[in-house]
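S.K.: Can you keep this structure in mind? I'll have questions shortly.
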Amino acid sequence: MKAGIVINTGSALDQVKLAERAEAAGWDGVFTYDAIDIGGAEMFDPWTLLAAMAVRTTRVRLGAVVFAPTRRRPWKVAREAMTIDHLSSGRLVVPVGLGALDDRGFANVGETTAIGERAAMLDETLAILDGLWTGRPFGHQGTHYRFGPMTFLPRPVQQPRIPIWVVAVSTGERSMARAARWDGLVLQTEDPVEIASITARARSLRAEHGRPETFDIVAQGTTPIDAAAARAIAAPVADAGATWWVEADWTSATLDSLRARIDAGPPRVS
């Protein structure tokens, strides 16, 4: 199981430096987050941060937990993601979800909050990303987005496309089917029993449609600095089928606490 860490505090420059620090400490991935205004907190544009992180690191996977495509133009996302994929020499991953409604970048600015409509917009967005990243002429005529053929060059470094991870609700058939169509599933639980069940269901759905076995199962949580204690938390998650552990302190992270957790290294599971 690989291990990444969410960097969610400090100035923009602080966060880029923390990404370098995480790479040096042996983490496999560095993630930011995607929000406009939540509680008036200081926050930065994820694409801009990721571009800076891309040119200051050489090995770690980069992404955001998670992007909210339902308040973005899909063709703009396609171009932004392709650019960072090139800047990073093929290290970008694009985790996506419907978006958190406590972000004032939704209803406060007139974006839809209806779950069914946002789900449909997400499905169309993912189809558009997949089509534009082929480098061949691609147009789309859907319910929410319509455009004539465009050719996006250059193609992403990663082939057949930049990996897409999708947040899935285990009780939602449509949600699970959506995640299984792409390259990874972002869990909303740390319970190993639930993780094992979700992993089995996702892999079954992929097998039904003849999709490749390679598929990421992404768990989130927090672990202590003590290596043995961290392994004790992460090991059952890995045994249940998770391929990534993303260290994410959403409530109390400070620059000092992030530095300390980064320097302690990822929770390694043999």
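Every chain in the structure tokens has a letter given in the order shown (A, B, ...), and although residue numbers restart at 1 in each chain, ligands are simply numbered from 1 in the order shown.
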Residues near stretch 241-246 of chain A, anyone? I mean within 6 Å using only C-alpha atoms, not counting same-chain ones fewer than 2 positions away, as a list in words.

M.R.: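 The residues that qualify are Met1, Lys2, Ala3, Gly4, Ile5, Ala196, Asp216, Ile217, Val218, Ala219, Gln220, Val237, Ala238 and Asp239 of chain A.
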
S.K.: Got a sec: who's within 10 Å of A:Asp249, counting only C-alpha atoms, leaving out chain neighbours fewer than 2 positions off, as a PyMOL selection string?

M.R.: chain A and resi 5-8+220-223+246-247+251-254+257-258

S.K.: Take the residues from that selection and write them out as a PDB file, in the first residue's frame, keeping C-alpha atoms.

M.R.:
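As written to disk, part-v9.pdb reads:
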```pdb
ATOM      1  CA  ILE A   5      -0.335  13.084   2.675  1.00  0.00           C
ATOM      2  CA  VAL A   6      -2.725  16.026   2.370  1.00  0.00           C
ATOM      3  CA  ILE A   7      -1.051  19.414   2.727  1.00  0.00           C
ATOM      4  CA  ASN A   8      -3.772  21.819   3.808  1.00  0.00           C
ATOM      5  CA  GLN A 220      -8.054   8.349   4.203  1.00  0.00           C
ATOM      6  CA  GLY A 221      -7.340   8.870   7.867  1.00  0.00           C
ATOM      7  CA  THR A 222      -4.806   9.993  10.432  1.00  0.00           C
ATOM      8  CA  THR A 223      -1.986   8.077  12.052  1.00  0.00           C
ATOM      9  CA  VAL A 246      -3.862   9.211   2.356  1.00  0.00           C
ATOM     10  CA  GLU A 247      -2.907  10.888   5.623  1.00  0.00           C
ATOM     11  CA  THR A 251      -9.545  19.496  11.685  1.00  0.00           C
ATOM     12  CA  SER A 252      -6.358  20.480  13.475  1.00  0.00           C
ATOM     13  CA  ALA A 253      -3.390  20.545  11.089  1.00  0.00           C
ATOM     14  CA  THR A 254      -0.776  23.249  11.692  1.00  0.00           C
ATOM     15  CA  SER A 257       2.125  19.284  13.088  1.00  0.00           C
ATOM     16  CA  LEU A 258       2.359  18.702   9.340  1.00  0.00           C
TER      17      LEU A 258
END
```

S.K.: Just how far from atom CA of A:Trp165 is atom CA of A:Asp183, in Å to one decimal?

M.R.: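 Rounded to one decimal, the two atoms are 5.6 Å apart.
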
S.K.: Could you list, as a VMD selection string, every residue within 10 Å of A:Glu23, counting only C-alpha atoms and ignoring same-chain residues fewer than 6 positions away?

M.R.: chain A and resid 4 29 to 30 56 to 61 262 to 263 265

S.K.: Got time to write the residues from that selection, N, CA and C atoms, as a PDB file, in the first residue's frame?

M.R.:
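Output file result-v9.pdb follows:
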```pdb
ATOM      1  N   GLY A   4       0.204   8.632   0.873  1.00  0.00           N
ATOM      2  CA  GLY A   4       0.298  10.044   0.541  1.00  0.00           C
ATOM      3  C   GLY A   4      -0.144  10.886   1.717  1.00  0.00           C
ATOM      4  N   GLY A  29       2.897  10.131  -2.251  1.00  0.00           N
ATOM      5  CA  GLY A  29       2.004  11.092  -2.870  1.00  0.00           C
ATOM      6  C   GLY A  29       1.832  12.330  -2.018  1.00  0.00           C
ATOM      7  N   VAL A  30       1.554  13.438  -2.675  1.00  0.00           N
ATOM      8  CA  VAL A  30       1.256  14.708  -2.007  1.00  0.00           C
ATOM      9  C   VAL A  30      -0.037  15.248  -2.606  1.00  0.00           C
ATOM     10  N   ARG A  56       8.880  21.262  -8.423  1.00  0.00           N
ATOM     11  CA  ARG A  56       9.786  21.221  -7.261  1.00  0.00           C
ATOM     12  C   ARG A  56       9.940  19.805  -6.698  1.00  0.00           C
ATOM     13  N   THR A  57       9.270  18.830  -7.327  1.00  0.00           N
ATOM     14  CA  THR A  57       9.408  17.432  -6.911  1.00  0.00           C
ATOM     15  C   THR A  57       9.725  16.597  -8.145  1.00  0.00           C
ATOM     16  N   THR A  58      10.128  15.351  -7.909  1.00  0.00           N
ATOM     17  CA  THR A  58      10.501  14.497  -9.049  1.00  0.00           C
ATOM     18  C   THR A  58       9.868  13.118  -9.010  1.00  0.00           C
ATOM     19  N   ARG A  59       9.314  12.721  -7.870  1.00  0.00           N
ATOM     20  CA  ARG A  59       8.904  11.326  -7.721  1.00  0.00           C
ATOM     21  C   ARG A  59       7.458  11.151  -7.270  1.00  0.00           C
ATOM     22  N   VAL A  60       6.971  11.987  -6.350  1.00  0.00           N
ATOM     23  CA  VAL A  60       5.674  11.751  -5.728  1.00  0.00           C
ATOM     24  C   VAL A  60       4.520  11.946  -6.705  1.00  0.00           C
ATOM     25  N   ARG A  61       3.456  11.164  -6.490  1.00  0.00           N
ATOM     26  CA  ARG A  61       2.180  11.408  -7.152  1.00  0.00           C
ATOM     27  C   ARG A  61       1.601  12.715  -6.620  1.00  0.00           C
ATOM     28  N   ILE A 262       5.097  14.653   8.476  1.00  0.00           N
ATOM     29  CA  ILE A 262       5.845  14.378   7.250  1.00  0.00           C
ATOM     30  C   ILE A 262       7.197  13.771   7.573  1.00  0.00           C
ATOM     31  N   ASP A 263       7.918  14.373   8.503  1.00  0.00           N
ATOM     32  CA  ASP A 263       9.269  13.927   8.814  1.00  0.00           C
ATOM     33  C   ASP A 263       9.293  12.528   9.441  1.00  0.00           C
ATOM     34  N   GLY A 265       7.627  10.137   8.452  1.00  0.00           N
ATOM     35  CA  GLY A 265       7.527   9.178   7.348  1.00  0.00           C
ATOM     36  C   GLY A 265       6.176   8.498   7.273  1.00  0.00           C
TER      37      GLY A 265
END
```

S.K.: I'd like the contact shell of A:Ala81 - 9 Å cut-off, only C-alpha atoms, skipping same-chain residues fewer than 4 positions apart - returned as a list in words.

M.R.: Trp47, Lys76, Val77, Asp85, His86, Leu92, Val93, Val94, Pro156 and Ile162 of chain A

S.K.: To one decimal in Å, tell me the separation between atom CA of A:Ala248 and atom CA of A:Glu111.

M.R.: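 These atoms are spaced 27.2 Å apart.
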
S.K.: Check the DSSP output for the backbone and give back, as JSON, numbers by chain, the residues of stretch 9-188 of chain A in alpha helix (DSSP H).

M.R.: {"A": [12, 13, 14, 15, 16, 17, 18, 19, 20, 21, 22, 23, 24, 46, 47, 48, 49, 50, 51, 52, 53, 54, 55, 56, 74, 75, 76, 77, 78, 79, 80, 81, 82, 83, 84, 85, 86, 87, 115, 116, 117, 118, 119, 120, 121, 122, 123, 124, 125, 126, 127, 128, 129, 130, 131, 132, 173, 174, 175, 176, 177, 178, 179, 180, 181]}

S.K.: At what distance in Å, to one decimal, does atom CA of A:Ser89 lie from atom CA of A:Leu49?

M.R.: 16.1 Å

S.K.: From stretch 92-153 of chain A, collect each residue whose DSSP state is strand (DSSP E or B) and return the set as a ChimeraX atom specification.

M.R.: /A:92,94-96,138-141,146-150

S.K.: Could you write out that same residue set with N, CA and C atoms as a short mmCIF file (atom, residue, chain, number, x, y, z; two decimals), in the first residue's frame?

M.R.:
```cif
data_model
loop_
_atom_site.label_atom_id
_atom_site.label_comp_id
_atom_site.auth_asym_id
_atom_site.auth_seq_id
_atom_site.Cartn_x
_atom_site.Cartn_y
_atom_site.Cartn_z
N LEU A 92 0.51 13.13 -12.20
CA LEU A 92 -0.78 13.63 -11.72
C LEU A 92 -1.81 12.51 -11.63
N VAL A 94 -6.18 12.46 -10.74
CA VAL A 94 -7.31 13.37 -10.59
C VAL A 94 -8.43 12.69 -9.79
N PRO A 95 -8.42 12.83 -8.46
CA PRO A 95 -9.54 12.33 -7.65
C PRO A 95 -10.73 13.29 -7.78
N VAL A 96 -11.93 12.77 -7.94
CA VAL A 96 -13.11 13.63 -8.15
C VAL A 96 -14.27 13.19 -7.27
N PHE A 138 -12.74 15.57 -30.80
CA PHE A 138 -13.78 15.06 -29.90
C PHE A 138 -14.81 16.15 -29.64
N GLY A 139 -16.07 15.83 -29.80
CA GLY A 139 -17.17 16.72 -29.46
C GLY A 139 -18.11 16.02 -28.51
N HIS A 140 -19.01 16.77 -27.93
CA HIS A 140 -19.91 16.20 -26.93
C HIS A 140 -21.27 16.89 -27.03
N GLN A 141 -22.31 16.08 -27.01
CA GLN A 141 -23.67 16.61 -27.01
C GLN A 141 -24.43 15.94 -25.87
N ARG A 146 -22.36 20.84 -24.22
CA ARG A 146 -22.45 20.59 -25.66
C ARG A 146 -21.37 21.40 -26.37
N PHE A 147 -20.62 20.74 -27.22
CA PHE A 147 -19.63 21.46 -28.02
C PHE A 147 -19.23 20.61 -29.22
N GLY A 148 -18.81 21.33 -30.27
CA GLY A 148 -18.34 20.67 -31.47
C GLY A 148 -16.94 20.13 -31.28
N PRO A 149 -16.47 19.35 -32.25
CA PRO A 149 -15.17 18.69 -32.10
C PRO A 149 -14.03 19.67 -31.84
N MET A 150 -13.20 19.31 -30.88
CA MET A 150 -11.96 20.01 -30.57
C MET A 150 -10.85 18.97 -30.48
#
```

S.K.: Counting only C-alpha atoms, which of A:Val167, A:Ala25, A:Ala230, A:Leu50 gets nearest to A:Val186?

M.R.: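 Answer, going by the shortest atom-to-atom distance: A:Val167.
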
S.K.: Got a sec: who's within 12 Å of A:His144, counting only C-alpha atoms, leaving out chain neighbours fewer than 5 positions off, as an NGL selection string?

M.R.: :A and (70-71 or 73-74 or 112 or 117-125 or 128)

S.K.: Quick one: residues within 12 Å of A:Phe215, only C-alpha atoms, excluding same-chain residues fewer than 4 positions away - as a list in words?

M.R.: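 Final neighbour list, sorted by chain and number: Pro163, Ile164, Trp165, Val166, Ala179, Ala180, Arg181, Trp182, Asp183, Gly184, Leu185, Val186, Thr199, Ala200, Ala202, Arg203, Ser204, Leu205, Arg206, Ala207, Arg211, Gly241, Ala242, Thr243 and Trp244 of chain A.
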
S.K.: Let's have the selection written as a compact mmCIF listing (two decimals), in the first residue's frame, with N, CA and C atoms.

M.R.:
```txt
# COMPACT_ATOMS: atom_id res chain seq x y z
N PRO A 163 -4.83 9.12 -14.64
CA PRO A 163 -5.71 8.33 -13.77
C PRO A 163 -6.77 9.19 -13.08
N ILE A 164 -7.98 8.65 -13.03
CA ILE A 164 -9.11 9.30 -12.37
C ILE A 164 -9.57 8.41 -11.22
N TRP A 165 -9.58 8.97 -10.01
CA TRP A 165 -10.14 8.29 -8.85
C TRP A 165 -11.49 8.94 -8.52
N VAL A 166 -12.47 8.15 -8.15
CA VAL A 166 -13.81 8.68 -7.93
C VAL A 166 -14.28 8.34 -6.52
N ALA A 179 -17.46 4.77 -10.05
CA ALA A 179 -16.07 4.59 -9.63
C ALA A 179 -15.42 3.41 -10.34
N ALA A 180 -16.17 2.33 -10.49
CA ALA A 180 -15.61 1.12 -11.10
C ALA A 180 -15.27 1.32 -12.57
N ARG A 181 -15.86 2.31 -13.21
CA ARG A 181 -15.57 2.57 -14.63
C ARG A 181 -14.21 3.20 -14.83
N TRP A 182 -13.65 3.82 -13.78
CA TRP A 182 -12.44 4.61 -13.97
C TRP A 182 -11.24 3.92 -13.35
N ASP A 183 -10.37 4.62 -12.65
CA ASP A 183 -9.07 4.04 -12.28
C ASP A 183 -8.87 3.85 -10.78
N GLY A 184 -9.81 4.31 -9.99
CA GLY A 184 -9.68 4.15 -8.55
C GLY A 184 -10.93 4.62 -7.84
N LEU A 185 -11.06 4.19 -6.61
CA LEU A 185 -12.22 4.51 -5.77
C LEU A 185 -11.73 5.14 -4.48
N VAL A 186 -12.24 6.33 -4.17
CA VAL A 186 -11.90 7.00 -2.92
C VAL A 186 -12.93 6.62 -1.88
N THR A 199 -14.19 -3.09 -1.74
CA THR A 199 -13.16 -3.52 -2.69
C THR A 199 -13.66 -4.69 -3.53
N ALA A 200 -14.27 -5.67 -2.88
CA ALA A 200 -14.77 -6.83 -3.60
C ALA A 200 -15.86 -6.44 -4.60
N ALA A 202 -16.29 -3.45 -6.04
CA ALA A 202 -15.71 -2.68 -7.14
C ALA A 202 -14.99 -3.59 -8.13
N ARG A 203 -14.25 -4.55 -7.63
CA ARG A 203 -13.51 -5.43 -8.53
C ARG A 203 -14.47 -6.34 -9.28
N SER A 204 -15.57 -6.73 -8.65
CA SER A 204 -16.59 -7.53 -9.34
C SER A 204 -17.22 -6.74 -10.48
N LEU A 205 -17.53 -5.47 -10.23
CA LEU A 205 -18.11 -4.63 -11.27
C LEU A 205 -17.15 -4.47 -12.44
N ARG A 206 -15.87 -4.32 -12.14
CA ARG A 206 -14.89 -4.19 -13.21
C ARG A 206 -14.76 -5.47 -14.01
N ALA A 207 -14.78 -6.60 -13.32
CA ALA A 207 -14.68 -7.88 -14.01
C ALA A 207 -15.88 -8.11 -14.93
N ARG A 211 -12.85 -4.92 -17.53
CA ARG A 211 -11.87 -3.86 -17.35
C ARG A 211 -10.59 -4.43 -16.72
N GLY A 241 -7.66 -4.45 1.37
CA GLY A 241 -7.64 -4.22 -0.07
C GLY A 241 -7.25 -2.83 -0.51
N ALA A 242 -7.05 -1.90 0.42
CA ALA A 242 -6.66 -0.54 0.03
C ALA A 242 -5.27 -0.56 -0.59
N THR A 243 -5.11 0.21 -1.67
CA THR A 243 -3.81 0.32 -2.33
C THR A 243 -3.12 1.65 -2.01
N TRP A 244 -3.89 2.60 -1.45
CA TRP A 244 -3.34 3.89 -1.01
C TRP A 244 -3.89 4.24 0.36
```

S.K.: Find the residues around A:Glu42 up to 9 Å (only C-alpha atoms counted), leave out those fewer than 6 positions away in its own chain, and share them as a compact mmCIF listing (two decimals) with N, CA and C atoms, in the first residue's frame.

M.R.:
```
# COMPACT_ATOMS: atom_id res chain seq x y z
N THR A 9 -2.42 23.43 5.02
CA THR A 9 -2.24 24.61 5.85
C THR A 9 -0.92 25.29 5.48
N GLY A 10 -0.80 26.55 5.86
CA GLY A 10 0.39 27.32 5.55
C GLY A 10 0.19 28.18 4.32
N SER A 11 1.15 29.05 4.05
CA SER A 11 1.10 29.88 2.86
C SER A 11 1.29 29.00 1.62
```
